[in-house]
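Quick look at query-v5.tsv (TSV, C-alpha atoms and all ligand atoms):
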chain	number	residue	atom	x	y	z
A	408	VAL	CA	22.07	26.63	62.76
A	409	LYS	CA	25.01	27.20	60.48
A	410	ALA	CA	24.30	29.34	57.45
A	411	VAL	CA	26.23	31.11	54.73
A	412	GLN	CA	25.40	34.75	54.17
A	413	HIS	CA	26.94	37.93	52.83
A	414	ALA	CA	26.67	41.22	54.68
A	415	VAL	CA	28.19	43.25	51.84
A	416	HIS	CA	28.41	42.94	48.06
A	417	GLY	CA	31.60	41.73	46.43
A	418	GLY	CA	33.52	38.68	45.26
A	419	PRO	CA	33.08	35.11	46.53
A	420	GLU	CA	35.15	35.99	49.62
A	421	VAL	CA	32.26	38.02	51.09
A	422	LEU	CA	30.37	34.76	51.76
A	423	GLU	CA	30.75	33.91	55.43
A	424	LEU	CA	29.72	30.94	57.53
A	425	VAL	CA	27.74	32.17	60.54
A	426	ASP	CA	25.79	30.75	63.47
A	427	LEU	CA	22.18	31.88	63.58
A	428	ALA	CA	19.22	31.12	65.80
A	429	ASP	CA	17.15	28.14	64.63
A	430	PRO	CA	14.34	29.29	62.34
A	431	VAL	CA	10.92	28.96	63.97
A	432	PRO	CA	7.92	28.25	61.73
A	433	ARG	CA	5.33	31.01	61.71
A	434	PRO	CA	1.68	30.11	61.06
A	435	GLY	CA	1.45	28.47	57.65
A	436	GLU	CA	5.17	27.73	57.48
A	437	VAL	CA	7.31	24.63	57.75
A	438	VAL	CA	10.97	24.29	58.66
A	439	VAL	CA	13.02	22.23	56.22
A	440	GLU	CA	16.29	20.62	57.25
A	441	VAL	CA	18.35	21.35	54.17
A	442	ARG	CA	20.14	18.33	52.68
A	443	ALA	CA	21.18	20.00	49.44
A	444	ALA	CA	20.95	23.49	47.99
A	445	GLY	CA	21.50	24.38	44.33
A	446	VAL	CA	23.69	27.33	43.39
A	447	ASN	CA	22.12	29.68	40.85
A	448	ARG	CA	23.33	32.58	38.73
A	449	LEU	CA	21.10	34.88	40.75
A	450	ASP	CA	23.17	34.07	43.84
A	451	LEU	CA	26.33	35.26	42.08
A	452	LEU	CA	24.76	38.35	40.55
A	453	GLN	CA	23.22	39.51	43.81
A	454	ARG	CA	26.40	38.74	45.78
A	455	GLU	CA	28.30	40.93	43.32
A	456	GLY	CA	25.56	43.57	43.44
A	457	PRO	CA	23.61	45.60	42.73
A	458	PRO	CA	20.78	43.24	43.75
A	459	LEU	CA	18.29	42.34	41.04
A	460	LEU	CA	15.23	41.72	43.17
A	461	PRO	CA	13.29	44.53	44.84
A	462	GLY	CA	13.22	44.30	48.61
A	463	PHE	CA	16.66	42.65	48.78
A	464	ARG	CA	18.33	43.29	52.14
A	465	LEU	CA	21.78	42.62	53.59
A	466	PRO	CA	22.83	40.39	55.21
A	467	HIS	CA	21.41	37.88	52.74
A	468	ILE	CA	21.30	34.07	52.79
A	469	PRO	CA	21.14	32.90	49.13
A	470	GLY	CA	19.78	29.59	47.87
A	471	MET	CA	16.61	29.24	45.79
A	472	ASP	CA	16.82	25.49	45.23
A	473	ILE	CA	16.30	23.51	48.42
A	474	ALA	CA	15.94	19.77	48.94
A	475	GLY	CA	15.55	18.39	52.43
A	476	GLU	CA	13.23	17.03	55.07
A	477	VAL	CA	10.37	18.78	56.83
A	478	VAL	CA	11.25	18.77	60.55
A	479	GLU	CA	8.71	21.18	62.02
A	480	VAL	CA	5.37	22.73	61.07
A	481	GLY	CA	3.69	25.95	62.17
A	482	ASP	CA	0.05	26.51	63.05
A	483	GLY	CA	-2.34	25.59	60.29
A	484	VAL	CA	0.02	23.19	58.51
A	485	ASP	CA	-0.66	19.45	58.27
A	486	PRO	CA	1.64	17.76	60.84
A	487	ALA	CA	1.83	14.74	58.52
A	488	LEU	CA	4.34	16.75	56.48
A	489	VAL	CA	6.95	16.15	59.18
A	490	GLY	CA	9.45	13.58	57.94
A	491	ARG	CA	8.67	14.12	54.25
A	492	ARG	CA	11.50	14.65	51.77
A	493	VAL	CA	10.68	17.71	49.73
A	494	VAL	CA	11.89	20.30	47.29
A	495	VAL	CA	10.87	23.93	47.76
A	496	LYS	CA	9.27	26.26	45.23
A	497	ALA	CA	11.20	29.52	45.58
A	498	GLY	CA	8.67	32.00	44.19
A	499	VAL	CA	6.14	33.14	46.81
A	500	ALA	CA	3.11	35.32	46.01
A	501	CYS	CA	2.05	37.65	48.84
A	502	GLY	CA	-1.50	36.34	49.04
A	503	ALA	CA	-2.79	39.76	50.07
A	504	CYS	CA	-2.61	42.12	47.08
A	505	ALA	CA	-5.55	42.70	44.70
A	506	ALA	CA	-4.19	40.24	42.10
A	507	CYS	CA	-3.59	37.52	44.69
A	508	ARG	CA	-7.06	38.02	46.17
A	509	ALA	CA	-8.51	37.75	42.65
A	510	GLY	CA	-6.73	34.39	42.27
A	511	ASP	CA	-4.04	35.56	39.84
A	512	ASP	CA	-0.83	34.93	41.76
A	513	ARG	CA	1.19	35.42	38.53
A	514	ALA	CA	0.42	39.13	38.72
A	515	CYS	CA	1.23	39.46	42.44
A	516	ALA	CA	2.30	43.04	43.23
A	517	ASN	CA	4.67	41.96	46.02
A	518	PRO	CA	6.22	38.62	45.10
A	519	THR	CA	9.18	37.36	47.09
A	520	THR	CA	11.76	34.70	46.30
A	521	ILE	CA	13.21	32.28	48.82
A	522	GLY	CA	16.98	32.80	48.55
A	523	GLY	CA	16.37	35.87	46.38
A	524	ASN	CA	14.97	38.52	48.69
A	525	ARG	CA	14.20	36.39	51.76
A	526	PRO	CA	16.44	33.85	53.52
A	527	GLY	CA	17.32	30.84	51.38
A	528	GLY	CA	18.87	27.41	51.45
A	529	TYR	CA	22.55	28.09	52.15
A	530	ALA	CA	21.78	26.95	55.69
A	531	GLU	CA	21.17	23.85	57.77
A	532	ARG	CA	17.53	24.84	58.22
A	533	CYS	CA	15.15	27.16	56.40
A	534	ALA	CA	11.56	28.25	57.13
A	535	VAL	CA	9.33	28.29	54.05
A	536	PRO	CA	5.59	28.42	53.36
A	537	GLY	CA	3.97	25.00	53.87
A	538	SER	CA	2.23	25.45	50.52
A	539	HIS	CA	5.62	25.57	48.79
A	540	VAL	CA	7.02	22.13	49.60
A	541	PHE	CA	6.62	19.28	47.10
A	542	PRO	CA	7.48	15.60	47.59
A	543	ILE	CA	10.65	14.06	46.16
A	544	PRO	CA	9.93	10.62	44.72
A	545	GLU	CA	11.79	7.58	45.99
A	546	GLY	CA	14.85	6.91	43.93
A	547	VAL	CA	15.69	10.58	43.48
A	548	GLY	CA	18.49	11.71	45.76
A	549	ASP	CA	18.60	15.03	47.60
A	550	VAL	CA	21.45	16.42	45.50
A	551	GLU	CA	19.74	15.47	42.24
A	552	ALA	CA	16.45	16.91	43.50
A	553	ALA	CA	18.04	20.23	44.48
A	554	ALA	CA	19.18	20.64	40.88
A	555	VAL	CA	15.64	20.61	39.56
A	556	PRO	CA	13.19	23.33	40.70
A	557	THR	CA	14.60	26.59	39.30
A	558	ALA	CA	16.10	25.04	36.17
A	559	CYS	CA	12.91	23.12	35.46
A	560	VAL	CA	10.65	26.15	35.98
A	561	THR	CA	12.87	28.27	33.74
A	562	ALA	CA	13.00	25.72	30.92
A	563	TRP	CA	9.36	24.66	31.25
A	564	ARG	CA	7.78	28.09	31.30
A	565	SER	CA	9.91	29.09	28.33
A	566	LEU	CA	9.41	26.09	26.08
A	567	VAL	CA	5.97	24.89	27.17
A	568	GLY	CA	4.23	27.94	28.66
A	569	THR	CA	5.58	30.58	26.28
A	570	ALA	CA	7.02	29.14	23.03
A	571	ARG	CA	4.38	26.38	22.97
A	572	LEU	CA	6.90	24.04	21.36
A	573	ARG	CA	5.13	21.33	19.36
A	574	PRO	CA	6.04	17.82	18.20
A	575	GLY	CA	8.14	17.86	15.06
A	576	GLU	CA	9.35	21.42	15.54
A	577	GLN	CA	13.01	22.32	15.72
A	578	VAL	CA	14.39	24.25	18.68
A	579	VAL	CA	17.78	25.83	19.23
A	580	ILE	CA	18.99	25.83	22.85
A	581	HIS	CA	22.01	28.00	23.59
A	582	GLY	CA	24.50	27.47	26.39
A	583	ALA	CA	24.53	23.66	26.30
A	584	GLY	CA	26.20	23.23	29.69
A	585	SER	CA	23.86	25.11	32.00
A	586	ALA	CA	21.44	23.37	34.34
A	587	VAL	CA	18.59	25.12	32.52
A	588	SER	CA	19.76	23.73	29.19
A	589	VAL	CA	20.15	20.24	30.66
A	590	LEU	CA	16.44	20.25	31.48
A	591	ALA	CA	15.42	22.20	28.36
A	592	ILE	CA	17.02	19.55	26.13
A	593	GLN	CA	15.08	16.79	27.89
A	594	ILE	CA	11.80	18.72	27.95
A	595	ALA	CA	12.10	19.53	24.24
A	596	LYS	CA	12.79	15.88	23.37
A	597	HIS	CA	9.89	14.83	25.61
A	598	LEU	CA	7.66	17.18	23.61
A	599	GLY	CA	8.80	15.50	20.39
A	600	ALA	CA	10.96	18.34	19.08
A	601	ARG	CA	14.30	18.14	17.31
A	602	VAL	CA	17.00	19.82	19.38
A	603	ILE	CA	19.98	21.82	18.18
A	604	VAL	CA	22.34	22.94	20.96
A	605	THR	CA	25.07	25.54	20.79
A	606	SER	CA	28.06	26.08	23.05
A	607	ARG	CA	31.55	27.49	23.03
A	608	SER	CA	32.82	24.15	24.32
A	609	PRO	CA	33.12	20.95	22.22
A	610	ALA	CA	33.08	18.90	25.45
A	611	LYS	CA	29.74	20.42	26.50
A	612	LEU	CA	28.28	19.79	23.04
A	613	ALA	CA	29.30	16.14	23.30
A	614	ARG	CA	27.60	15.80	26.68
A	615	ALA	CA	24.46	17.56	25.43
A	616	LEU	CA	24.25	15.01	22.61
A	617	GLU	CA	24.43	12.24	25.23
A	618	LEU	CA	21.43	13.86	26.94
A	619	GLY	CA	19.43	13.58	23.73
A	620	ALA	CA	20.22	16.68	21.69
A	621	ASP	CA	20.26	15.91	17.97
A	622	VAL	CA	22.85	18.39	16.71
A	623	GLY	CA	25.63	20.35	18.44
A	624	ILE	CA	27.04	23.54	16.93
A	625	ASP	CA	30.12	25.42	18.11
A	626	GLU	CA	28.82	28.95	18.60
A	627	THR	CA	32.31	30.46	18.19
A	628	ARG	CA	32.36	29.42	14.52
A	629	PRO	CA	32.08	32.54	12.35
A	630	ASP	CA	29.48	30.66	10.31
A	631	ALA	CA	27.53	29.34	13.33
A	632	ALA	CA	24.24	30.83	12.07
A	633	GLU	CA	24.72	29.25	8.64
A	634	ALA	CA	25.44	25.95	10.38
A	635	VAL	CA	22.12	26.21	12.24
A	636	LEU	CA	20.26	27.09	9.04
A	637	GLU	CA	21.83	24.09	7.34
A	638	ALA	CA	21.12	21.73	10.24
A	639	THR	CA	17.49	22.84	10.37
A	640	GLY	CA	16.88	23.09	6.65
A	641	GLY	CA	16.25	26.82	6.67
A	642	GLY	CA	15.91	27.88	10.30
A	643	ALA	CA	14.55	26.80	13.65
A	644	ASP	CA	10.91	27.18	14.68
A	645	VAL	CA	11.94	28.19	18.18
A	646	VAL	CA	15.12	29.55	19.75
A	647	PHE	CA	15.52	29.50	23.53
A	648	ASN	CA	17.96	32.19	24.66
A	649	HIS	CA	18.52	32.18	28.43
A	650	VAL	CA	22.09	33.40	27.95
A	651	GLY	CA	21.47	36.97	26.80
A	652	PRO	CA	23.38	39.28	24.47
A	653	ALA	CA	26.36	36.97	23.78
A	654	VAL	CA	24.24	34.86	21.44
A	655	PHE	CA	21.34	37.22	20.68
A	656	GLU	CA	22.43	37.88	17.11
A	657	LEU	CA	22.94	34.15	16.58
A	658	SER	CA	19.46	33.56	18.04
A	659	LEU	CA	17.84	35.89	15.51
A	660	ARG	CA	19.80	34.51	12.58
A	661	SER	CA	18.93	30.93	13.55
A	662	LEU	CA	15.18	31.41	13.14
A	663	ARG	CA	13.03	30.55	10.17
A	664	ARG	CA	10.52	33.08	8.89
A	665	GLU	CA	7.90	33.71	11.58
A	666	GLY	CA	9.95	31.77	14.11
A	667	ARG	CA	9.68	32.39	17.86
A	668	LEU	CA	12.52	33.61	20.03
A	669	VAL	CA	11.89	33.14	23.75
A	670	VAL	CA	14.15	35.07	26.10
A	671	CYS	CA	14.74	34.49	29.76
A	672	GLY	CA	17.92	35.28	31.65
A	673	THR	CA	20.81	37.71	31.54
A	674	THR	CA	23.93	35.63	32.17
A	675	THR	CA	25.93	37.70	29.67
A	676	GLY	CA	24.22	41.06	30.23
A	677	ALA	CA	20.86	42.74	29.90
A	678	GLU	CA	21.03	44.87	26.74
A	679	VAL	CA	21.05	43.84	23.10
A	680	ARG	CA	21.18	45.60	19.73
A	681	LEU	CA	18.27	44.82	17.50
A	682	ARG	CA	17.72	45.76	13.85
A	683	LEU	CA	13.98	46.27	13.60
A	684	PRO	CA	13.77	45.30	9.90
A	685	THR	CA	15.14	41.87	10.81
A	686	VAL	CA	12.15	41.41	13.07
A	687	TYR	CA	9.45	42.60	10.71
A	688	HIS	CA	10.89	41.37	7.41
A	689	LEU	CA	10.89	37.87	8.83
A	690	GLY	CA	7.82	38.29	11.04
A	691	ILE	CA	9.75	37.06	14.07
A	692	GLU	CA	8.05	36.85	17.45
A	693	ILE	CA	10.25	37.85	20.40
A	694	LEU	CA	8.67	36.47	23.55
A	695	GLY	CA	9.48	37.04	27.20
A	696	ALA	CA	9.12	33.83	29.20
A	697	LYS	CA	5.81	34.04	31.04
A	698	VAL	CA	5.58	33.68	34.79
A	699	GLN	CA	4.16	30.34	35.87
A	700	SER	CA	1.20	30.19	38.24
A	701	HIS	CA	1.62	28.51	41.60
A	702	ALA	CA	-0.97	25.89	40.65
A	703	ASP	CA	1.12	24.80	37.65
A	704	PHE	CA	4.26	24.05	39.66
A	705	GLY	CA	3.22	20.74	41.25
A	706	PRO	CA	1.93	19.12	38.03
A	707	MET	CA	5.05	20.32	36.18
A	708	LEU	CA	7.30	18.76	38.80
A	709	GLU	CA	5.34	15.50	38.72
A	710	GLU	CA	5.65	15.30	34.95
A	711	CYS	CA	9.36	15.99	35.29
A	712	TRP	CA	9.84	13.12	37.77
A	713	ARG	CA	7.49	10.79	35.86
A	714	SER	CA	9.28	11.43	32.57
A	715	GLY	CA	12.57	10.46	34.19
A	716	PHE	CA	14.35	13.72	33.38
A	717	ARG	CA	17.89	13.44	34.72
A	718	SER	CA	19.60	16.18	36.62
A	719	VAL	CA	23.27	16.47	35.88
A	720	ILE	CA	25.44	17.39	38.83
A	721	ASP	CA	28.57	19.30	37.97
A	722	SER	CA	30.00	19.36	41.47
A	723	VAL	CA	29.08	19.18	45.16
A	724	PHE	CA	30.57	21.43	47.84
A	725	GLU	CA	30.27	21.55	51.62
A	726	LEU	CA	28.19	24.49	52.85
A	727	ALA	CA	31.32	26.05	54.38
A	728	ALA	CA	32.93	26.03	50.92
A	729	ALA	CA	30.15	28.08	49.32
A	730	ALA	CA	32.72	30.58	48.03
A	731	ASP	CA	34.45	27.77	46.10
A	732	ALA	CA	31.08	26.76	44.68
A	733	HIS	CA	30.56	30.32	43.43
A	734	VAL	CA	34.03	30.36	41.87
A	735	ARG	CA	33.18	27.09	40.16
A	736	LEU	CA	29.92	28.42	38.66
A	737	GLU	CA	31.63	31.65	37.62
A	738	SER	CA	34.37	29.71	35.83
A	739	GLY	CA	32.13	28.95	32.87
A	740	GLU	CA	33.42	25.36	32.92
A	741	VAL	CA	30.28	23.98	34.52
A	742	PHE	CA	28.14	21.24	32.98
A	743	GLY	CA	24.97	20.86	35.03
A	744	LYS	CA	24.32	22.02	38.58
A	745	VAL	CA	26.65	23.11	41.34
A	746	VAL	CA	25.17	21.96	44.67
A	747	LEU	CA	25.94	22.71	48.32
A	748	VAL	CA	25.42	20.18	51.10
A	749	PRO	CA	25.15	21.39	54.72
B	801	ZN	ZN	0.19	39.31	45.89
Would you kindly transcribe this structure into structure tokens?
Amino acid sequence: VKAVQHAVHGGPEVLELVDLADPVPRPGEVVVEVRAAGVNRLDLLQREGPPLLPGFRLPHIPGMDIAGEVVEVGDGVDPALVGRRVVVKAGVACGACAACRAGDDRACANPTTIGGNRPGGYAERCAVPGSHVFPIPEGVGDVEAAAVPTACVTAWRSLVGTARLRPGEQVVIHGAGSAVSVLAIQIAKHLGARVIVTSRSPAKLARALELGADVGIDETRPDAAEAVLEATGGGADVVFNHVGPAVFELSLRSLRREGRLVVCGTTTGAEVRLRLPTVYHLGIEILGAKVQSHADFGPMLEECWRSGFRSVIDSVFELAAAADAHVRLESGEVFGKVVLVP
């Protein structure tokens, strides 16, 4: 099979198209013929190095978001899966540690990530656990489907699992153009919340409004925080910051008293400055997005399909042009998902 990997860390040019032996399913695994693979920030960060995930090894085949067709099953997997169109859940619990044996896969001591620290979807075929493939409904294309899993998990576990966003609440979502925000906007509206988006780009704000956001605020305005306070009548109940330090101060200043800030993601870095009195004078809760259990993934995905959430595709590249796809995502001009097709 053809695959794209990198054997060293560096710029997009280190991605190389290679010929590898066909993956063979081990017991419990299936082989998916990849029809589309989403490009994620993690792919760029780990290509650049140092790798973020423990156990990362070079050469590495990135690609956490896979849509395709099951073409082969290993021992112990239902052969009826062959021929099914599926997306793949990237996070894999080890199944053997004390937490896994106690039924708490969220606390797995040795989790792995398909495309993160084991071979991913930048390939014509990929072997994955049979328990990690989920059907794509009719009417949803492979490219659209590949845009969903990681973005949906990130947005869902933040807004639903962690912030517990409720009907009638107001939520600020930063970084209007990202694939995570595209789903977060739709999830928040689905939950009955009022959505305020921020971005550096007027064009992205306009598109976020088309997706259902209620208010768009240019985050480069010196009075952006005041604009949020005005738009929300005194501050948001919830702020979702998956961008990191670039908007952390704006996140804090956008909250009402006793508001919740949920953080997840380090696109603009990993460290922030925090004035402690701001936190305790206002009684703010700063929440790390909780890990989702394996059992919650399928129902989440079904609700996502059933609710008609739309993926937005920024651009599609041939597998061999993976480097161009990385340049595109790095450009900061993206609205929605960048997808590779083998
Ligand atoms: Zn485990």
Which residues of chain A have any atom within 8 Å of an atom in ligand ZN 801 (chain B) when counting only C-alpha atoms and all ligand atoms, and what is the closest pair of atoms for each, with the distance in Å to one decimal? Order the rows by chain and rising number and write it as a Markdown table.
| residue | atom | partner | partner_atom | distance |
| --- | --- | --- | --- | --- |
| A:Ala500 | CA | B:ZN801 | ZN | 4.9 |
| A:Cys501 | CA | B:ZN801 | ZN | 3.9 |
| A:Gly502 | CA | B:ZN801 | ZN | 4.6 |
| A:Ala503 | CA | B:ZN801 | ZN | 5.2 |
| A:Cys504 | CA | B:ZN801 | ZN | 4.1 |
| A:Ala505 | CA | B:ZN801 | ZN | 6.8 |
| A:Ala506 | CA | B:ZN801 | ZN | 5.9 |
| A:Cys507 | CA | B:ZN801 | ZN | 4.4 |
| A:Arg508 | CA | B:ZN801 | ZN | 7.4 |
| A:Asp512 | CA | B:ZN801 | ZN | 6.1 |
| A:Ala514 | CA | B:ZN801 | ZN | 7.2 |
| A:Cys515 | CA | B:ZN801 | ZN | 3.6 |
| A:Ala516 | CA | B:ZN801 | ZN | 5.0 |
| A:Asn517 | CA | B:ZN801 | ZN | 5.2 |
| A:Pro518 | CA | B:ZN801 | ZN | 6.1 |
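Comparing the minimum interatomic distances between Val499 of chain A and each of A:Ala702, A:Trp712, A:Lys409, A:Val441, counting all atoms listed in the file, we find that A:Ala702 sits nearest.
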Using all atoms listed in the file, which of A:Arg667, A:His597, A:Arg492, A:Arg448 sits nearest Gly739 of chain A? A:Arg448
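Of note, atom CA of Ser588 of chain A and atom CA of Thr639 of chain A are spaced 19.0 Å apart.
Compared by their closest atoms to Gln699 of chain A, and using only C-alpha atoms, the residues A:Tyr529, A:Phe655, A:Trp563, A:Phe541 rank with A:Trp563 nearest.
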Surrounding residues of Thr627 of chain A excluding itself and chain neighbours under 6 positions, 12 Å, all atoms listed in the file, as a compact mmCIF listing (two decimals) with C-alpha atoms, in the frame of the given file:
# COMPACT_ATOMS: atom_id res chain seq x y z
CA HIS A 581 22.01 28.00 23.59
CA GLY A 582 24.50 27.47 26.39
CA THR A 605 25.07 25.54 20.79
CA SER A 606 28.06 26.08 23.05
CA ARG A 607 31.55 27.49 23.03
CA SER A 608 32.82 24.15 24.32
CA PRO A 609 33.12 20.95 22.22
CA ALA A 634 25.44 25.95 10.38
CA ALA A 653 26.36 36.97 23.78
CA VAL A 654 24.24 34.86 21.44
CA LEU A 657 22.94 34.15 16.58
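Of the listed residues (A:Asp703, A:Asp721, A:Asp450, A:Asp625), A:Asp721 comes nearest to Glu740 of chain A; the distances count only C-alpha atoms.
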Do you have the atom CA of Lys496 of chain A-atom CA of His539 of chain A distance handy? 5.1 Å
Residue among A:Leu726, A:Val745, A:Val679, A:Ala696 lying closest to Ser565 of chain A, counting only C-alpha atoms: A:Ala696
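Atom CA of Arg663 of chain A to atom CA of Arg564 of chain A spans 21.9 Å [interatomic distance, one decimal].
Distances here use all atoms listed in the file; by that measure, the residue among A:Glu617, A:Ser738, A:Glu692, A:Ala530 closest to Val604 of chain A is A:Glu617.
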Which residues, protein or nucleic acid, reach to within 12 Å of (11.5, 18.2, 22.1) in the file's coordinates when using all atoms listed in the file, and can you give that as number ranges by chain? A: 562-563, 566-567, 570-580, 590-604, 618-621, 644-645
